[in-house]
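Colleague: Compact mmCIF, C-alpha atoms, saved as final37.txt, coming up:
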```txt
# COMPACT_ATOMS: atom_id res chain seq x y z
CA MET A 6 102.86 78.45 95.25
CA ASN A 7 101.57 76.79 98.40
CA VAL A 8 101.51 79.12 101.33
CA ASN A 9 99.67 79.14 104.58
CA LYS A 10 96.46 81.03 103.98
CA SER A 11 96.95 83.38 106.90
CA LEU A 12 100.19 84.57 105.33
CA LEU A 13 98.57 85.54 102.03
CA PRO A 14 98.37 89.25 102.88
CA LEU A 15 102.14 89.14 103.40
CA VAL A 16 103.06 87.20 100.25
CA ASN A 17 100.60 88.45 97.66
CA PRO A 18 101.85 92.05 97.43
CA LEU A 19 105.39 90.90 96.71
CA SER A 20 104.65 89.99 93.12
CA LYS A 21 101.22 89.30 91.76
CA ASP A 22 99.47 92.04 93.70
CA ASN A 23 102.43 94.41 93.89
CA PRO A 24 101.39 97.88 95.05
CA VAL A 25 103.62 99.75 92.60
CA ILE A 26 103.52 97.85 89.34
CA VAL A 27 100.12 96.16 89.59
CA GLN A 28 97.94 98.39 91.76
CA VAL A 29 99.84 101.48 90.47
CA LEU A 30 99.94 103.19 93.84
CA GLY A 31 102.68 105.28 95.41
CA ILE A 32 104.44 106.02 92.15
CA CYS A 33 105.52 109.52 93.15
CA SER A 34 108.01 108.56 95.78
CA ALA A 35 108.93 105.27 94.13
CA LEU A 36 110.39 107.20 91.21
CA ALA A 37 111.79 110.26 92.90
CA VAL A 38 114.04 108.67 95.52
CA THR A 39 115.61 105.99 93.35
CA ALA A 40 118.66 107.73 91.93
CA LYS A 41 120.74 106.00 94.63
CA LEU A 42 120.28 102.79 96.61
CA GLU A 43 120.68 104.22 100.09
CA PRO A 44 117.78 106.70 100.04
CA ALA A 45 115.66 104.03 98.35
CA LEU A 46 116.31 101.62 101.21
CA VAL A 47 115.62 104.24 103.87
CA MET A 48 112.42 105.18 102.09
CA THR A 49 111.38 101.52 102.00
CA ILE A 50 111.94 101.12 105.73
CA SER A 51 110.06 104.34 106.52
CA VAL A 52 107.09 103.48 104.32
CA THR A 53 106.91 99.91 105.66
CA ALA A 54 107.00 101.12 109.25
CA VAL A 55 104.34 103.78 108.70
CA LEU A 56 102.16 101.44 106.66
CA ALA A 57 102.27 98.56 109.15
CA LEU A 58 101.61 100.78 112.16
CA ALA A 59 98.89 102.82 110.45
CA ASN A 60 97.21 99.60 109.32
CA VAL A 61 97.20 98.24 112.87
CA ILE A 62 95.92 101.47 114.40
CA ILE A 63 93.15 101.96 111.85
CA SER A 64 92.24 98.29 112.10
CA LEU A 65 91.88 98.62 115.88
CA LEU A 66 89.74 101.72 115.45
CA ARG A 67 87.79 100.45 112.47
CA ASN A 68 84.54 99.88 114.34
CA THR A 69 84.55 103.26 116.04
CA ILE A 70 85.37 105.54 113.09
CA PRO A 71 82.25 107.13 111.56
CA THR A 72 82.48 106.60 107.80
CA SER A 73 81.83 110.23 106.96
CA ILE A 74 85.05 111.45 108.55
CA ARG A 75 87.24 108.40 108.02
CA ILE A 76 89.56 110.10 105.52
CA ILE A 77 90.42 112.82 108.04
CA VAL A 78 90.95 110.26 110.81
CA GLN A 79 93.22 108.22 108.55
CA LEU A 80 95.16 111.32 107.52
CA VAL A 81 95.73 112.36 111.11
CA VAL A 82 96.94 108.89 112.16
CA VAL A 83 99.28 108.69 109.18
CA ALA A 84 100.52 112.26 109.65
CA ALA A 85 101.35 111.60 113.29
CA LEU A 86 103.32 108.47 112.37
CA VAL A 87 105.15 110.30 109.59
CA VAL A 88 106.14 113.10 111.94
CA ILE A 89 107.69 110.48 114.24
CA VAL A 90 109.55 108.85 111.36
CA ASP A 91 110.73 112.25 110.14
CA GLN A 92 112.10 113.24 113.55
CA VAL A 93 113.80 109.85 114.06
CA LEU A 94 115.43 110.08 110.66
CA LYS A 95 116.65 113.61 111.27
CA ALA A 96 118.27 112.50 114.52
CA TRP A 97 119.71 109.25 113.19
CA ASN A 98 120.89 109.99 109.67
CA TYR A 99 120.72 113.66 108.81
CA GLU A 100 122.44 113.27 105.43
CA VAL A 101 119.86 110.84 104.06
CA SER A 102 117.07 112.88 105.59
CA LYS A 103 118.38 115.88 103.61
CA ALA A 104 118.61 113.81 100.44
CA LEU A 105 115.02 112.62 100.79
CA SER A 106 113.94 116.21 101.49
CA VAL A 107 110.19 116.54 101.08
CA PHE A 108 109.58 112.91 100.21
CA ILE A 109 109.44 111.77 103.83
CA GLY A 110 106.66 114.29 104.40
CA LEU A 111 105.00 113.07 101.26
CA ILE A 112 104.58 109.59 102.77
CA ILE A 113 101.39 111.10 104.21
CA THR A 114 99.89 111.43 100.77
CA ASN A 115 101.45 108.23 99.49
CA CYS A 116 98.56 106.48 97.80
CA ILE A 117 99.75 103.05 98.99
CA ILE A 118 99.04 104.03 102.57
CA MET A 119 95.61 105.53 101.98
CA GLY A 120 94.80 102.73 99.55
CA ARG A 121 95.68 99.94 101.98
CA LEU A 122 93.91 101.65 104.87
CA GLU A 123 90.75 101.99 102.79
CA ALA A 124 90.89 98.61 101.10
CA PHE A 125 92.25 96.40 103.85
CA ALA A 126 92.56 97.82 107.34
CA MET A 127 88.99 99.14 107.46
CA THR A 128 87.62 95.62 107.09
CA ASN A 129 90.21 93.29 108.62
CA ARG A 130 91.61 92.29 111.99
CA PRO A 131 94.78 93.95 113.35
CA TRP A 132 97.12 90.97 112.83
CA ALA A 133 96.10 90.46 109.20
CA SER A 134 96.35 94.21 108.67
CA PHE A 135 99.83 94.21 110.14
CA LEU A 136 100.93 91.46 107.72
CA ASP A 137 99.28 93.33 104.86
CA GLY A 138 101.18 96.47 105.84
CA ILE A 139 104.53 94.69 105.99
CA GLY A 140 103.81 92.84 102.74
CA ASN A 141 102.85 95.96 100.81
CA GLY A 142 105.77 97.89 102.28
CA LEU A 143 108.16 95.19 101.09
CA GLY A 144 106.46 94.90 97.71
CA TYR A 145 106.98 98.64 97.31
CA GLY A 146 110.55 98.25 98.53
CA ILE A 147 111.44 95.53 96.01
CA ILE A 148 110.53 97.77 93.11
CA LEU A 149 112.37 100.73 94.64
CA VAL A 150 115.51 98.68 95.17
CA ILE A 151 115.45 97.20 91.66
CA ILE A 152 115.04 100.62 90.06
CA ALA A 153 117.66 102.20 92.32
CA PHE A 154 120.08 99.33 91.63
CA PHE A 155 120.01 99.86 87.88
CA ARG A 156 119.99 103.64 88.09
CA GLU A 157 122.92 103.81 90.47
CA LEU A 158 124.91 101.10 88.68
CA LEU A 159 124.48 102.51 85.20
CA GLY A 160 124.26 106.15 86.19
CA SER A 161 127.19 106.56 88.53
CA GLY A 162 128.93 103.15 88.44
CA THR A 163 128.52 102.70 92.18
CA LEU A 164 126.38 100.67 94.59
CA PHE A 165 125.69 102.14 98.04
CA GLY A 166 128.32 104.73 97.14
CA CYS A 167 131.11 102.15 96.52
CA GLN A 168 132.72 102.00 93.12
CA VAL A 169 131.79 98.72 91.38
CA ILE A 170 132.60 99.44 87.73
CA PRO A 171 136.36 98.80 87.61
CA GLN A 172 138.72 101.58 86.65
CA TRP A 173 140.15 99.77 83.59
CA LEU A 174 136.74 99.88 81.94
CA TYR A 175 136.78 103.65 82.23
CA ASP A 176 140.32 103.65 80.85
CA HIS A 177 139.04 101.81 77.81
CA GLY A 178 136.45 104.48 77.17
CA TYR A 179 133.48 103.31 79.26
CA GLN A 180 131.25 106.20 80.28
CA ASN A 181 128.64 106.46 83.00
CA ASN A 182 125.22 106.99 81.52
CA GLY A 183 124.37 110.38 82.98
CA MET A 184 120.85 109.99 81.64
CA MET A 185 120.07 107.35 84.28
CA ILE A 186 120.45 109.90 87.07
CA LEU A 187 117.79 112.14 85.52
CA PRO A 188 114.22 111.68 86.75
CA PRO A 189 112.63 110.56 83.45
CA MET A 190 114.76 107.42 83.32
CA ALA A 191 113.15 106.22 86.55
CA LEU A 192 109.86 106.02 84.68
CA ILE A 193 111.38 104.14 81.80
CA THR A 194 113.16 101.70 84.15
CA ALA A 195 109.85 101.14 85.94
CA ALA A 196 108.16 100.54 82.59
CA CYS A 197 110.77 97.87 81.78
CA ILE A 198 110.06 96.16 85.12
CA ILE A 199 106.34 96.22 84.32
CA TRP A 200 107.09 94.82 80.88
CA VAL A 201 109.09 91.87 82.26
CA HIS A 202 106.59 91.28 85.05
CA ARG A 203 103.54 91.27 82.79
CA ALA A 204 105.27 89.14 80.18
CA ARG A 205 105.67 86.51 82.91
CA ASN A 206 102.18 86.96 84.39
CA LYS A 207 99.93 86.83 81.37
CA ASP A 208 96.75 87.30 83.43
CA LEU A 209 97.77 90.85 84.31
CA GLN A 210 97.95 92.03 80.70
CA GLU A 211 95.32 94.46 79.51
CA MET B 19 110.26 140.30 87.06
CA GLU B 20 111.48 137.82 89.63
CA ASN B 21 107.94 136.53 90.08
CA LEU B 22 107.47 136.13 86.35
CA ASN B 23 110.68 134.14 86.22
CA LEU B 24 109.49 131.95 89.11
CA PHE B 25 106.14 131.47 87.39
CA ILE B 26 107.65 130.34 84.09
CA ARG B 27 110.21 128.17 85.84
CA SER B 28 107.61 126.39 87.96
CA ILE B 29 105.52 125.63 84.87
CA PHE B 30 108.26 124.32 82.62
CA VAL B 31 111.51 123.65 84.45
CA ASP B 32 110.39 122.54 87.91
CA ASN B 33 107.27 120.91 86.55
CA MET B 34 105.55 118.97 89.34
CA ILE B 35 105.12 115.87 87.22
CA PHE B 36 108.22 115.74 85.08
CA ALA B 37 110.81 117.01 87.52
CA TYR B 38 109.48 115.74 90.85
CA PHE B 39 106.89 113.06 90.02
CA LEU B 40 104.34 114.60 92.33
CA GLY B 41 100.67 113.81 91.88
CA MET B 42 101.54 110.77 89.80
CA CYS B 43 98.74 108.55 91.09
CA SER B 44 95.89 110.73 89.89
CA PHE B 45 97.99 111.76 86.89
CA LEU B 46 98.08 108.14 85.71
CA ALA B 47 94.57 107.21 86.81
CA VAL B 48 92.64 110.19 85.42
CA SER B 49 94.48 110.76 82.13
CA LYS B 50 92.29 108.53 79.99
CA ASN B 51 90.39 111.35 78.32
CA VAL B 52 91.17 115.01 77.83
CA LYS B 53 87.99 116.45 79.30
CA THR B 54 88.20 114.90 82.78
CA ALA B 55 91.95 115.39 82.81
CA PHE B 56 91.49 119.10 82.14
CA GLY B 57 88.82 119.37 84.84
CA LEU B 58 91.06 117.73 87.42
CA GLY B 59 93.96 119.93 86.36
CA VAL B 60 91.89 123.06 86.89
CA ALA B 61 90.75 121.86 90.30
CA VAL B 62 94.32 121.06 91.38
CA SER B 63 95.56 124.48 90.20
CA PHE B 64 92.74 126.14 92.06
CA VAL B 65 93.53 124.34 95.33
CA LEU B 66 97.23 125.13 94.90
CA ILE B 67 96.57 128.82 94.36
CA ILE B 68 94.55 129.01 97.56
CA ALA B 69 96.56 126.57 99.65
CA LEU B 70 99.99 128.10 99.14
CA PRO B 71 99.39 131.60 100.54
CA VAL B 72 97.40 130.13 103.45
CA THR B 73 100.10 127.64 104.40
CA TRP B 74 102.74 130.32 103.85
CA CYS B 75 101.07 132.46 106.51
CA ILE B 76 100.79 129.48 108.86
CA ASN B 77 104.44 128.67 108.36
CA GLU B 78 105.57 132.27 108.78
CA TYR B 79 103.42 133.24 111.77
CA ILE B 80 103.08 129.95 113.67
CA LEU B 81 105.64 127.35 112.74
CA VAL B 82 109.14 128.72 112.12
CA PRO B 83 111.38 129.18 115.16
CA GLY B 84 110.49 132.47 116.84
CA ALA B 85 107.38 132.92 114.71
CA LEU B 86 105.14 133.19 117.72
CA SER B 87 106.85 136.36 118.97
CA TRP B 88 103.78 138.36 117.90
CA LEU B 89 101.97 136.71 120.82
CA GLY B 90 104.34 138.23 123.36
CA GLU B 91 107.90 138.10 124.67
CA GLU B 92 107.64 134.72 126.39
CA TYR B 93 106.89 132.95 123.10
CA ALA B 94 109.87 134.44 121.27
CA ASP B 95 111.88 131.22 121.23
CA THR B 96 109.23 128.55 120.75
CA ASP B 97 109.93 126.29 117.80
CA LEU B 98 106.88 124.50 116.45
CA SER B 99 108.40 123.43 113.14
CA PHE B 100 107.93 119.72 113.96
CA LEU B 101 104.18 120.27 113.76
CA GLY B 102 104.50 121.35 110.13
CA LEU B 103 103.31 118.17 108.43
CA ILE B 104 100.20 117.74 110.57
CA MET B 105 99.27 121.42 110.25
CA PHE B 106 99.71 121.44 106.49
CA ILE B 107 97.77 118.28 105.78
CA SER B 108 94.88 119.35 108.00
CA VAL B 109 94.78 122.78 106.37
CA ILE B 110 94.80 121.22 102.91
CA ALA B 111 92.09 118.72 103.83
CA ALA B 112 89.96 121.48 105.34
CA LEU B 113 90.51 123.76 102.33
CA VAL B 114 89.48 121.05 99.92
CA GLN B 115 86.39 120.38 101.99
CA ILE B 116 85.43 124.08 102.02
CA LEU B 117 86.17 124.41 98.33
CA GLU B 118 83.98 121.40 97.63
CA MET B 119 81.07 122.95 99.51
CA ALA B 120 81.58 126.33 97.81
CA ILE B 121 81.71 124.83 94.32
CA GLU B 122 78.64 122.71 95.04
CA LYS B 123 76.74 125.81 96.11
CA TYR B 124 77.83 128.29 93.45
CA SER B 125 78.64 126.17 90.43
CA PRO B 126 76.78 122.84 90.40
CA ALA B 127 77.85 122.22 86.79
CA LEU B 128 81.55 122.29 87.63
CA TYR B 129 80.83 120.25 90.76
CA SER B 130 79.21 117.41 88.88
CA SER B 131 81.89 117.36 86.21
CA LEU B 132 84.66 117.02 88.80
CA GLY B 133 82.79 114.41 90.82
CA ILE B 134 84.91 112.15 92.99
CA PHE B 135 88.21 113.82 92.08
CA LEU B 136 87.45 116.92 94.09
CA PRO B 137 87.67 115.32 97.56
CA LEU B 138 90.64 113.22 96.41
CA ILE B 139 92.70 116.35 95.75
CA ALA B 140 93.35 116.45 99.51
CA VAL B 141 95.59 113.42 99.14
CA ASN B 142 97.18 114.52 95.87
CA CYS B 143 100.92 114.67 96.51
CA ALA B 144 101.29 117.68 94.23
CA ILE B 145 99.54 119.90 96.78
CA LEU B 146 101.46 118.79 99.86
CA GLY B 147 104.61 118.65 97.73
CA ALA B 148 104.24 122.26 96.60
CA VAL B 149 103.60 123.32 100.20
CA LEU B 150 106.72 121.52 101.42
CA PHE B 151 108.83 122.99 98.61
CA MET B 152 107.46 126.40 99.51
CA GLN B 153 108.61 125.85 103.10
CA GLN B 154 112.01 124.62 101.91
CA ARG B 155 112.60 127.54 99.54
CA GLU B 156 111.74 130.13 102.20
CA PHE B 157 109.78 132.54 100.01
CA THR B 158 109.83 136.05 101.39
CA ASN B 159 106.16 136.95 101.02
CA ALA B 160 102.74 135.44 100.46
CA TRP B 161 102.51 136.85 96.93
CA THR B 162 105.59 134.92 95.77
CA ALA B 163 104.09 131.79 97.30
CA THR B 164 100.85 132.37 95.37
CA VAL B 165 102.78 132.81 92.13
CA TYR B 166 104.63 129.57 92.81
CA GLY B 167 101.31 127.81 93.50
CA ALA B 168 99.79 129.12 90.29
CA GLY B 169 102.85 128.10 88.27
CA SER B 170 102.96 124.58 89.71
CA GLY B 171 99.24 124.15 89.21
CA ILE B 172 99.33 125.24 85.59
CA GLY B 173 102.37 123.04 84.99
CA TRP B 174 100.44 120.07 86.36
CA LEU B 175 97.40 120.98 84.27
CA LEU B 176 99.56 121.20 81.15
CA ALA B 177 101.19 117.84 81.83
CA ILE B 178 97.98 115.90 82.50
CA THR B 179 96.19 117.40 79.49
CA CYS B 180 99.08 116.54 77.16
CA LEU B 181 99.29 113.00 78.47
CA ALA B 182 95.55 112.51 78.15
CA ALA B 183 95.66 113.72 74.55
CA ILE B 184 98.45 111.26 73.74
CA ARG B 185 96.70 108.38 75.49
CA GLU B 186 93.53 108.99 73.49
CA ARG B 187 95.54 108.46 70.30
CA LEU B 188 97.26 105.37 71.71
CA ALA B 189 94.05 103.38 71.43
CA TYR B 190 94.80 102.95 67.74
CA SER B 191 98.42 101.84 67.98
CA GLN B 192 100.04 98.44 68.15
CA ILE B 193 101.67 98.09 71.55
CA PRO B 194 103.27 94.86 72.80
CA ALA B 195 100.70 93.17 75.04
CA PRO B 196 102.65 93.33 78.33
CA LEU B 197 103.21 97.06 77.90
CA ARG B 198 99.60 97.97 77.20
CA GLY B 199 97.95 100.28 79.68
CA ILE B 200 100.21 101.34 82.47
CA GLY B 201 103.57 100.33 80.97
CA ILE B 202 103.35 102.47 77.88
CA THR B 203 101.99 105.35 79.93
CA PHE B 204 105.14 105.25 82.06
CA ILE B 205 107.35 105.30 78.97
CA ILE B 206 105.41 108.21 77.44
CA THR B 207 105.62 110.16 80.68
CA GLY B 208 109.37 109.50 80.74
CA LEU B 209 109.79 110.70 77.16
CA MET B 210 107.70 113.79 77.88
CA GLY B 211 109.91 114.41 80.90
CA ILE B 212 113.01 114.26 78.70
CA ALA B 213 111.36 116.69 76.29
CA PHE B 214 110.54 119.04 79.16
CA MET B 215 114.18 118.99 80.23
CA SER B 216 114.99 121.04 77.15
CA PHE B 217 113.44 123.95 79.05
CA LEU B 218 116.24 123.76 81.62
CA GLY B 219 118.14 127.00 81.88
CA ILE B 220 115.26 129.19 80.76
CA LYS B 221 115.70 132.59 82.35
CA LEU B 222 113.65 135.71 81.88
```
Please render this file's structure as structure tokens.
Modeller:
Amino acid sequence: MNVNKSLLPLVNPLSKDNPVIVQVLGICSALAVTAKLEPALVMTISVTAVLALANVIISLLRNTIPTSIRIIVQLVVVAALVVIVDQVLKAWNYEVSKALSVFIGLIITNCIIMGRLEAFAMTNRPWASFLDGIGNGLGYGIILVIIAFFRELLGSGTLFGCQVIPQWLYDHGYQNNGMMILPPMALITAACIIWVHRARNKDLQE
Amino acid sequence: MENLNLFIRSIFVDNMIFAYFLGMCSFLAVSKNVKTAFGLGVAVSFVLIIALPVTWCINEYILVPGALSWLGEEYADTDLSFLGLIMFISVIAALVQILEMAIEKYSPALYSSLGIFLPLIAVNCAILGAVLFMQQREFTNAWTATVYGAGSGIGWLLAITCLAAIRERLAYSQIPAPLRGIGITFIITGLMGIAFMSFLGIKL
């Protein structure tokens, strides 16, 4: 793929450097909010927003933060951003905010955020960090949406809450796979994605 | 009796890993051999047991609406609950830091065996997750919160030790190349989660 070099931080995380399935970061929330598409999308937007902003802020501060207390500084910046996201979400869509329950708060300890702050924002300029934040947020989002798509389709026969499996299939004995709604299936779906992805990218295999 | 029930439930039924996927990052990264996995599990349980009663008090006496009434009449309707996340994460980070210093002073052996994982516990989602669940479930006293912390911690310890034991054996099995490493670990965790679901409905 030929892409402008300055856009690499944006494009790389989408597939070959994906935060979830390659760097194995941020698994907790990626698996827990994917029983339905809507919370998965909201989660993606929240994480992308927090990640991009935190990256920019830390990148601006990177020369003034003493290394010995950088983790605390990063945590405080991220926590402040997450509080904002949490309050906005409560005001704007209370239902989804209820459904996501503690997982919005857990964005603070989402390893993707800490990982990107440590690995990228501490050493790069704000604009590149911003792109890196958006890229990683979207890379995380892609996986969330794929998992949520299969889990919602197979588990409840709906997409975004609308019925997509036609009624006549049910009349002929089709059953929703209740298993897909249960948390363990998220892991197995994710493993299938990893399987397909690594089968296509041989250099990632161990 | 109620506490015992909560304890057993938080180990098996509401297991941090298998029911909520909390603390997955370190769970996957540190489960390559049983010894380190066990050490990390103990450290996480330890932090949970201390962190939960402390954050329970903070929540009860500072954060919930009207909690500040012990300061005087004029504070009776202050609501600081929006500060929850920042308070909790700072308390956890501080606790981990203090714990690290204490362990280094009193038990250098344990300190060196835990190494880098000790400071990283601050950003382990299992801790913040347990604290947020504690807040959500509105436990009535600090003792219940401690029991919940102990149960979640031991559940996490159990999960990571089991997974590490299985992964040690995996070295000798034939796994399709693309699934090796992280892929098969996901599948095993999923299967273990399904197995743990058989504990659903346990009541003492």
Colleague: For B:Thr96, list every protein, DNA or RNA residue within 7 Å, evaluated using all atoms listed in the file, and leave out those in the same chain fewer than 3 positions away; present the list as number ranges by chain.
Modeller: B: 83-84, 86, 93
Colleague: Could you write out that same residue set with C-alpha atoms as an mmCIF file, keeping the file's coordinate frame?
Modeller:
```
data_model
loop_
_atom_site.group_PDB
_atom_site.id
_atom_site.type_symbol
_atom_site.label_atom_id
_atom_site.label_comp_id
_atom_site.auth_asym_id
_atom_site.auth_seq_id
_atom_site.Cartn_x
_atom_site.Cartn_y
_atom_site.Cartn_z
ATOM 1 C CA PRO B 83 111.380 129.180 115.160
ATOM 2 C CA GLY B 84 110.490 132.470 116.840
ATOM 3 C CA LEU B 86 105.140 133.190 117.720
ATOM 4 C CA TYR B 93 106.890 132.950 123.100
#
```
Colleague: Find the residues of chain A that sit at most 9 Å from chain B; for each, write down the nearest two atoms and how far apart they are in Å, to one decimal. Count only C-alpha atoms. Sort by chain, then by number going up, and give it as CSV.
Modeller:
```
residue,atom,partner,partner_atom,distance
A:Ile26,CA,B:Ile200,CA,8.4
A:Val27,CA,B:Ile200,CA,8.8
A:Val29,CA,B:Cys43,CA,7.2
A:Leu30,CA,B:Cys43,CA,6.1
A:Gly31,CA,B:Cys43,CA,6.7
A:Ile32,CA,B:Met42,CA,6.0
A:Cys33,CA,B:Phe39,CA,4.9
A:Ser34,CA,B:Phe39,CA,7.4
A:Leu36,CA,B:Phe39,CA,6.9
A:Ala37,CA,B:Tyr38,CA,6.3
A:Ile77,CA,B:Ala111,CA,7.4
A:Leu80,CA,B:Ile107,CA,7.6
A:Val81,CA,B:Ile104,CA,7.0
A:Ala84,CA,B:Ile104,CA,5.6
A:Ala85,CA,B:Ile104,CA,6.8
A:Val87,CA,B:Leu103,CA,8.2
A:Val88,CA,B:Leu103,CA,6.8
A:Asp91,CA,B:Phe100,CA,8.8
A:Gln92,CA,B:Phe100,CA,7.7
A:Ser106,CA,B:Gln154,CA,8.6
A:Val107,CA,B:Leu150,CA,6.1
A:Phe108,CA,B:Gly147,CA,8.0
A:Gly110,CA,B:Leu103,CA,6.5
A:Leu111,CA,B:Cys143,CA,6.5
A:Ile112,CA,B:Cys143,CA,8.9
A:Ile113,CA,B:Val141,CA,8.0
A:Thr114,CA,B:Val141,CA,5.0
A:Asn115,CA,B:Cys143,CA,7.1
A:Cys116,CA,B:Cys43,CA,7.0
A:Met119,CA,B:Val141,CA,8.4
A:Leu187,CA,B:Ile212,CA,8.6
A:Pro188,CA,B:Ala37,CA,6.4
A:Pro189,CA,B:Gly208,CA,4.4
A:Met190,CA,B:Gly208,CA,6.3
A:Ala191,CA,B:Gly208,CA,7.7
A:Leu192,CA,B:Gly208,CA,5.3
A:Ile193,CA,B:Ile205,CA,5.1
A:Thr194,CA,B:Ile205,CA,8.6
A:Ala195,CA,B:Phe204,CA,7.4
A:Ala196,CA,B:Gly201,CA,4.9
A:Cys197,CA,B:Gly201,CA,7.7
A:Ile198,CA,B:Gly201,CA,8.8
A:Ile199,CA,B:Gly201,CA,6.0
A:Trp200,CA,B:Pro196,CA,5.3
A:Val201,CA,B:Pro196,CA,7.7
A:His202,CA,B:Pro196,CA,8.1
A:Arg203,CA,B:Pro196,CA,5.0
A:Ala204,CA,B:Pro196,CA,5.3
A:Arg205,CA,B:Pro196,CA,8.8
A:Asn206,CA,B:Pro196,CA,8.8
A:Lys207,CA,B:Pro196,CA,7.7
A:Leu209,CA,B:Pro196,CA,8.1
A:Gln210,CA,B:Pro196,CA,5.4
A:Glu211,CA,B:Arg198,CA,6.0
```
Colleague: Can you tell me how far atom CA of B:Thr54 sits from atom CA of B:Tyr129, in Å to one decimal?
Modeller: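 So the answer is 12.1 Å.
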Colleague: When distances are computed from all atoms listed in the file, which of B:Ile29, B:Val62, B:Ile193, B:Leu70 shows the smallest separation from B:Trp161?
Modeller: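 Using all atoms listed in the file, the shortest distance to B:Trp161 belongs to B:Leu70.
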Colleague: Quick check, in Å to one decimal: how far apart do atom CA of A:Leu56 and atom CA of A:Gly138 lie?
Modeller: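 Atom CA of A:Leu56 sits 5.1 Å away from atom CA of A:Gly138.
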Colleague: Using all atoms listed in the file and a cutoff of 6 Å, can you tell me which residues are near (103.4, 125.8, 114.8) in the file's coordinates, and write them out as a list in words?
Modeller: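 All residues meeting the 6 Å criterion around (103.4, 125.8, 114.8) are Ile80, Leu81, Leu98, Ser99 and Leu101 of chain B.
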Colleague: Pick out the residues sitting within 8 Å of B:Val165, and hand them over as a list in words; count all atoms listed in the file, and ignore anything fewer than 3 positions along from it in its own chain.
Modeller: Asn21, Leu24, Phe25, Ile67, Trp161, Thr162, Ala168 and Gly169 of chain B
Colleague: Generate the output file for the selected residues, C-alpha atoms, as an mmCIF file, in the frame of the given file.
Modeller:
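Written file, part-v3.cif:
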```cif
data_model
loop_
_atom_site.group_PDB
_atom_site.id
_atom_site.type_symbol
_atom_site.label_atom_id
_atom_site.label_comp_id
_atom_site.auth_asym_id
_atom_site.auth_seq_id
_atom_site.Cartn_x
_atom_site.Cartn_y
_atom_site.Cartn_z
ATOM 1 C CA ASN B 21 107.940 136.530 90.080
ATOM 2 C CA LEU B 24 109.490 131.950 89.110
ATOM 3 C CA PHE B 25 106.140 131.470 87.390
ATOM 4 C CA ILE B 67 96.570 128.820 94.360
ATOM 5 C CA TRP B 161 102.510 136.850 96.930
ATOM 6 C CA THR B 162 105.590 134.920 95.770
ATOM 7 C CA ALA B 168 99.790 129.120 90.290
ATOM 8 C CA GLY B 169 102.850 128.100 88.270
#
```
Colleague: Point out the residue among B:Tyr79, B:Tyr124, B:Phe30, B:Trp88 with the least atom-to-atom distance to B:Ser216, counting only C-alpha atoms.
Modeller: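 Looking at the shortest contact to B:Ser216, the residue is B:Phe30.
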Colleague: Please, what distance in Å, to one decimal, runs between atom CA of A:Ala35 and atom CA of B:Leu181?
Modeller: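 These atoms are spaced 19.9 Å apart.
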Colleague: Skipping near chain neighbours, those fewer than 6 positions away, what residues fall within 9 Å of A:Gln79 using only C-alpha atoms, listed as a PyMOL selection string?
Modeller: chain A and resi 59+63+119+122-123
